[in-house]
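*Asks:* Take a look at the following structure, please.
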Amino acid sequence: MAKQCTKRKIESGIRLLILSLLLFFTLFTGPLTAQSRRNPILVNPLEDQKMYAKEDIKFEITIPKEKSVNIQVLNQDLPESVEIKTLRKTEYFTGEGGTLIELWYRFETKGNYKLPILPIMIRGTRRYYSFPELVIEDDPANMSPRMVIKFENGQSVSTGIPLPDKALFTQELGQPLKFTVYLQYSTQLMQFTWDIPQDSIFTQLKTYEITEIKYREKNYSNKLIPVADFEWTPLAKGKIQIPVIHFTATAYTGYRTELSSPQAYLEFTQEIEDQDLTLQTSEDLFAQAFDQNFQPENLNIYAKITEDNCRSIAKMRSMEKHALIDYFKIKKGRADFEEQFGLPSEENELNLNLLYFSLSSSIFFILAFILFLKKKRNIAVIIVSVFLTCSVVLCTYSLVLSSKKYAISRGCQLYSIPESKANSASEISAGNRVIIKEETDNWYYVELGTISGWCKKDNLILIR
């Protein structure tokens with residue numbers, strides 16, 4: 001009986017010990033595990049990896065002093081577009097030894113990803129590992145060239161990306177809008193052209209190295225390559241498509257692609273701030289400059305001219321000076337615009353293409369004159385001489401006129417000498433076109449008909 005009693009006591013002691021151990025693990029191991037989940041170990045991807053979609057991206061986790069048989073990698077609740085392609089455990093024996101866990105994840109689409117916490121069981125205890133936010137991009141090696149247009153207010157559009165049905169943003173009419181055109185996923189820009197927008201002032205401000213048709217090294221990159229800067233001032237309000245720009249670019253694969261800017265729209269509005277405007281219409285003054293049915297001679301009261309109007313006149317005259325196909329349309333629009341303010345519009349700008357044409361014609365007829373003179377074709381020599389004389393006269397006339405410098409007055413006082421303390425000789429009202437005869441540091445000597453004198457440079461807007 002004594003032996004049986006002792007045996008029962010021993011069994012009861014063993015049961016009590018087991019219950020104590022279970023209670024210990026419940027009270028202490030549980031909270032430690034929970035704490036581990038709240039403070040997981042951060043795992044970063046290996047350096048110098050390309051974070052591209054449809055490519056395997058490698059992560060490594062080192063667990064020292066543990067054999068691979070004691071380690072079990074548990075399942076993660078991954079998004080549908082992410083999967084673990086490969087998982088490998090390898091023991092190493094350097095130092096105190098341990099296990100290296102290698103994981104390769106694949107992301108099917110580009111985007112920002114935050115992978116869920118990865119649990120790993122080590123000798124019955126869970127450890128938790130977290131991942132940083134990953135930015136996955138498309139592999140540029142497989143991408144077609146793309147055109148991206150960024151406006152100065154931060155808005156942007158690009159080819160190959162759906163556009164909203166509404167206007168990108170609203171812009172006040174008459175305010176110049178600057179934007180930069182970029183090329184992406186390309187090694188070479190073969191051709192770069194644009195269509196001049198209707199009823200607009202459109203100026204190229206700057207071009208970059210990519211426009212020089214040089215072949216770039218095939219370094220695959222998602223970076224945007226700047227092509228050119230532009231300034232765009234629409235002259236009519238409403239919903240207007242952004243300027244159409246054309247690229248012919250070479251992709252990383254070697255294929256040539258033709259691109260045109262996306263059909264995005266902006267909304268241009270005008271707020272009437274000056275109640276002194278007496279035009280009998282709600283249409284914008286700039287738009288009327290290109291309206292074929294608008295008759296400024298029917299008005300007996302003129303609109304008040306502002307500095308922005310002066311700038312518009314200077315830009316229109318600059319366009320007239322350099323225009324090729326639309327010369328007569330631009331000239332008429334400029335004349336109508338000036339007449340709305342009662343300004344003289346008879347003086348036209350010399351089109352520089354006339355100078356280039358007469359110069360090339362003179363060279364051509366000189367060569368023809370020499371050729372026919374050597375062949376002793378007297379009649380041909382006489383005919384060519386007549387055309388040569390006309391070309392030289394036209395070239396000389398164009399050269400003389402193109403050497404003159406003109407500007408639009410903002411409204412300036414004229415002085416007899418270039419000194420502010422001198423008595424004012426006369427005044428030229430805003431919007432008038434003057435000819436610049438001389439200049440000093442901060443002064444121009446200008447003429448307008450029979451009026452002449454010195455004025456400050458800041459009071460003029462040059463016609464370039």
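Letters A, B, ... mark the chains of the structure tokens in the order given; residue numbers begin at 1 per chain; ligand numbers begin at 1, in order shown.
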Near A:Glu438, within 12 Å and counting only C-alpha atoms, which residues show up once chain neighbours fewer than 3 positions away are dropped, as a list of chain:residue names?

*Replies:*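 Counting only C-alpha atoms, the residues come to A:Lys404, A:Lys405, A:Tyr406, A:Ile417, A:Pro418, A:Ile435, A:Asp441, A:Asn442, A:Trp443, A:Tyr444, A:Tyr445, A:Val446, A:Glu447, A:Ser452, A:Gly453, A:Trp454, A:Cys455, A:Lys456, A:Lys457.
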
*Asks:* Go ahead and dump the residues you just picked, C-alpha atoms, as a compact mmCIF listing (two decimals), in the first residue's frame.

*Replies:*
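The new file selection.txt reads:
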# COMPACT_ATOMS: atom_id res chain seq x y z
CA LYS A 404 16.16 98.06 -88.42
CA LYS A 405 15.09 97.45 -84.86
CA TYR A 406 11.44 97.94 -83.79
CA ILE A 417 18.99 113.52 -73.53
CA PRO A 418 19.24 110.09 -71.82
CA ILE A 435 11.88 102.37 -84.53
CA ASP A 441 23.10 101.47 -71.10
CA ASN A 442 19.44 101.86 -70.10
CA TRP A 443 18.09 104.09 -72.87
CA TYR A 444 16.84 103.86 -76.45
CA TYR A 445 16.63 106.72 -78.95
CA VAL A 446 13.34 106.11 -80.80
CA GLU A 447 11.31 107.64 -83.61
CA SER A 452 11.81 111.38 -81.57
CA GLY A 453 13.72 111.27 -78.31
CA TRP A 454 15.28 109.11 -75.61
CA CYS A 455 13.17 106.70 -73.53
CA LYS A 456 13.96 104.06 -70.93
CA LYS A 457 14.41 100.50 -72.16

*Asks:* If you count only C-alpha atoms, which residues fall within 6 Å of A:Asp138, apart from same-chain ones fewer than 4 positions away, as an NGL selection string?

*Replies:* :A and (52-53 or 110)

*Asks:* Show me, as a PyMOL selection string, the residues that have an atom within 8 Å of A:Gly111 when counting only C-alpha atoms, minus same-chain residues fewer than 5 positions from it.

*Replies:* chain A and resi 135-137

*Asks:* Restrict the selected residues to N, CA, C and O atoms and save them as a PDB file, in the first residue's frame.

*Replies:*
ATOM      1  N   VAL A 135       8.326  50.208 -54.679  1.00  0.00           N
ATOM      2  CA  VAL A 135       7.826  50.881 -55.878  1.00  0.00           C
ATOM      3  C   VAL A 135       8.262  50.049 -57.077  1.00  0.00           C
ATOM      4  O   VAL A 135       9.448  49.995 -57.411  1.00  0.00           O
ATOM      5  N   ILE A 136       7.319  49.382 -57.692  1.00  0.00           N
ATOM      6  CA  ILE A 136       7.593  48.500 -58.822  1.00  0.00           C
ATOM      7  C   ILE A 136       7.235  49.235 -60.112  1.00  0.00           C
ATOM      8  O   ILE A 136       6.136  49.777 -60.248  1.00  0.00           O
ATOM      9  N   GLU A 137       8.168  49.239 -61.064  1.00  0.00           N
ATOM     10  CA  GLU A 137       7.964  49.921 -62.344  1.00  0.00           C
ATOM     11  C   GLU A 137       8.026  48.927 -63.485  1.00  0.00           C
ATOM     12  O   GLU A 137       8.479  47.787 -63.317  1.00  0.00           O
TER      13      GLU A 137
END

*Asks:* Which residue gives the smallest distance to A:Thr90 among A:Leu324, A:Leu78, A:Val43, A:Ile61, with only C-alpha atoms counted?

*Replies:*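 Answer, going by the shortest atom-to-atom distance: A:Ile61.
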
*Asks:* Apply DSSP to the structure's backbone, then extract all residues of stretch 140-354 of chain A labelled strand (DSSP E or B) and return them as an MDAnalysis selection string.

*Replies:* chainID A and resid 146:151 156:158 170:172 177:184 188:194 200:207 225:234 238:241 245:250 256:260 265:269

*Asks:* Hey, which of A:Glu419, A:Asp139, A:Arg123, A:Gly238 ends up closest to A:Glu108? Count only C-alpha atoms.

*Replies:* A:Asp139

*Asks:* If we count only C-alpha atoms and set the cut-off at 12 Å, which residues sit around A:Lys89, ignoring sequence neighbours fewer than 6 positions away in its own chain? Please answer as a VMD selection string.

*Replies:* chain A and resid 60 to 63 66 to 73 98 to 103

*Asks:* Excluding stretch 326-331 of chain A and residues on its chain fewer than 2 positions from it, collect all residues at most 12 Å away from it, counting only C-alpha atoms, and give them as a PyMOL selection string.

*Replies:* chain A and resi 196-201+289-292+313+315-324+333-338+345-354

*Asks:* Could you check the closest approach to A:Cys310 for each of A:Leu371, A:Ala264, A:Ile245, A:Leu343 and tell me which residue wins, using only C-alpha atoms?

*Replies:*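 Checking each of A:Leu371, A:Ala264, A:Ile245, A:Leu343 against A:Cys310, counting only C-alpha atoms, the winner is A:Leu343.
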
*Asks:* So that I can see what lies close to stretch 144-151 of chain A, please list as an MDAnalysis selection string the residues with an atom at most 6 Å from it, counting only C-alpha atoms and leaving out residues fewer than 4 positions away in the same chain.

*Replies:* chainID A and resid 155:159 179:186 251

*Asks:* How about saving the chosen residues, N, CA and C atoms kept, as a PDB file, in the first residue's frame?

*Replies:*
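Dumped everything to out-v7.pdb:
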ATOM      1  N   GLN A 155       0.599  69.691 -63.454  1.00  0.00           N
ATOM      2  CA  GLN A 155      -0.231  68.743 -64.201  1.00  0.00           C
ATOM      3  C   GLN A 155       0.574  68.134 -65.348  1.00  0.00           C
ATOM      4  N   SER A 156       0.276  66.899 -65.711  1.00  0.00           N
ATOM      5  CA  SER A 156       1.005  66.243 -66.796  1.00  0.00           C
ATOM      6  C   SER A 156       0.086  65.264 -67.517  1.00  0.00           C
ATOM      7  N   VAL A 157       0.421  64.987 -68.782  1.00  0.00           N
ATOM      8  CA  VAL A 157      -0.257  63.976 -69.587  1.00  0.00           C
ATOM      9  C   VAL A 157       0.810  63.203 -70.340  1.00  0.00           C
ATOM     10  N   SER A 158       0.475  61.985 -70.740  1.00  0.00           N
ATOM     11  CA  SER A 158       1.435  61.186 -71.494  1.00  0.00           C
ATOM     12  C   SER A 158       0.691  60.229 -72.408  1.00  0.00           C
ATOM     13  N   THR A 159       1.369  59.820 -73.465  1.00  0.00           N
ATOM     14  CA  THR A 159       0.793  58.865 -74.395  1.00  0.00           C
ATOM     15  C   THR A 159       0.699  57.495 -73.725  1.00  0.00           C
ATOM     16  N   PHE A 179       5.151  74.869 -70.660  1.00  0.00           N
ATOM     17  CA  PHE A 179       5.206  73.433 -70.415  1.00  0.00           C
ATOM     18  C   PHE A 179       6.457  72.854 -71.059  1.00  0.00           C
ATOM     19  N   THR A 180       6.841  71.666 -70.586  1.00  0.00           N
ATOM     20  CA  THR A 180       8.023  70.963 -71.086  1.00  0.00           C
ATOM     21  C   THR A 180       7.599  69.618 -71.657  1.00  0.00           C
ATOM     22  N   VAL A 181       8.177  69.264 -72.789  1.00  0.00           N
ATOM     23  CA  VAL A 181       7.896  67.987 -73.443  1.00  0.00           C
ATOM     24  C   VAL A 181       9.068  67.037 -73.172  1.00  0.00           C
ATOM     25  N   TYR A 182       8.740  65.819 -72.742  1.00  0.00           N
ATOM     26  CA  TYR A 182       9.751  64.816 -72.409  1.00  0.00           C
ATOM     27  C   TYR A 182       9.577  63.574 -73.293  1.00  0.00           C
ATOM     28  N   LEU A 183      10.671  62.832 -73.425  1.00  0.00           N
ATOM     29  CA  LEU A 183      10.663  61.536 -74.097  1.00  0.00           C
ATOM     30  C   LEU A 183      11.093  60.489 -73.085  1.00  0.00           C
ATOM     31  N   GLN A 184      10.452  59.317 -73.137  1.00  0.00           N
ATOM     32  CA  GLN A 184      10.747  58.234 -72.197  1.00  0.00           C
ATOM     33  C   GLN A 184      10.897  56.926 -72.966  1.00  0.00           C
ATOM     34  N   TYR A 185      11.746  56.048 -72.470  1.00  0.00           N
ATOM     35  CA  TYR A 185      11.980  54.716 -73.053  1.00  0.00           C
ATOM     36  C   TYR A 185      12.496  54.816 -74.490  1.00  0.00           C
ATOM     37  N   SER A 186      13.513  55.600 -74.708  1.00  0.00           N
ATOM     38  CA  SER A 186      14.024  55.773 -76.064  1.00  0.00           C
ATOM     39  C   SER A 186      15.529  56.009 -76.035  1.00  0.00           C
ATOM     40  N   ALA A 251      13.124  52.991 -80.067  1.00  0.00           N
ATOM     41  CA  ALA A 251      12.957  52.290 -78.795  1.00  0.00           C
ATOM     42  C   ALA A 251      14.235  51.547 -78.435  1.00  0.00           C
TER      43      ALA A 251
END

*Asks:* What gap, in Å, lies between atom CA of A:Glu307 and atom CA of A:Arg464?

*Replies:*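 Pair atom CA of A:Glu307 / atom CA of A:Arg464 returns 17.4 Å.
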
*Asks:* Could you check the closest approach to A:Lys237 for each of A:Asn219, A:Thr257, A:Thr269, A:Gln191 and tell me which residue wins, using only C-alpha atoms?

*Replies:*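 Between A:Asn219, A:Thr257, A:Thr269, A:Gln191, the residue approaching A:Lys237 most closely is A:Thr269.
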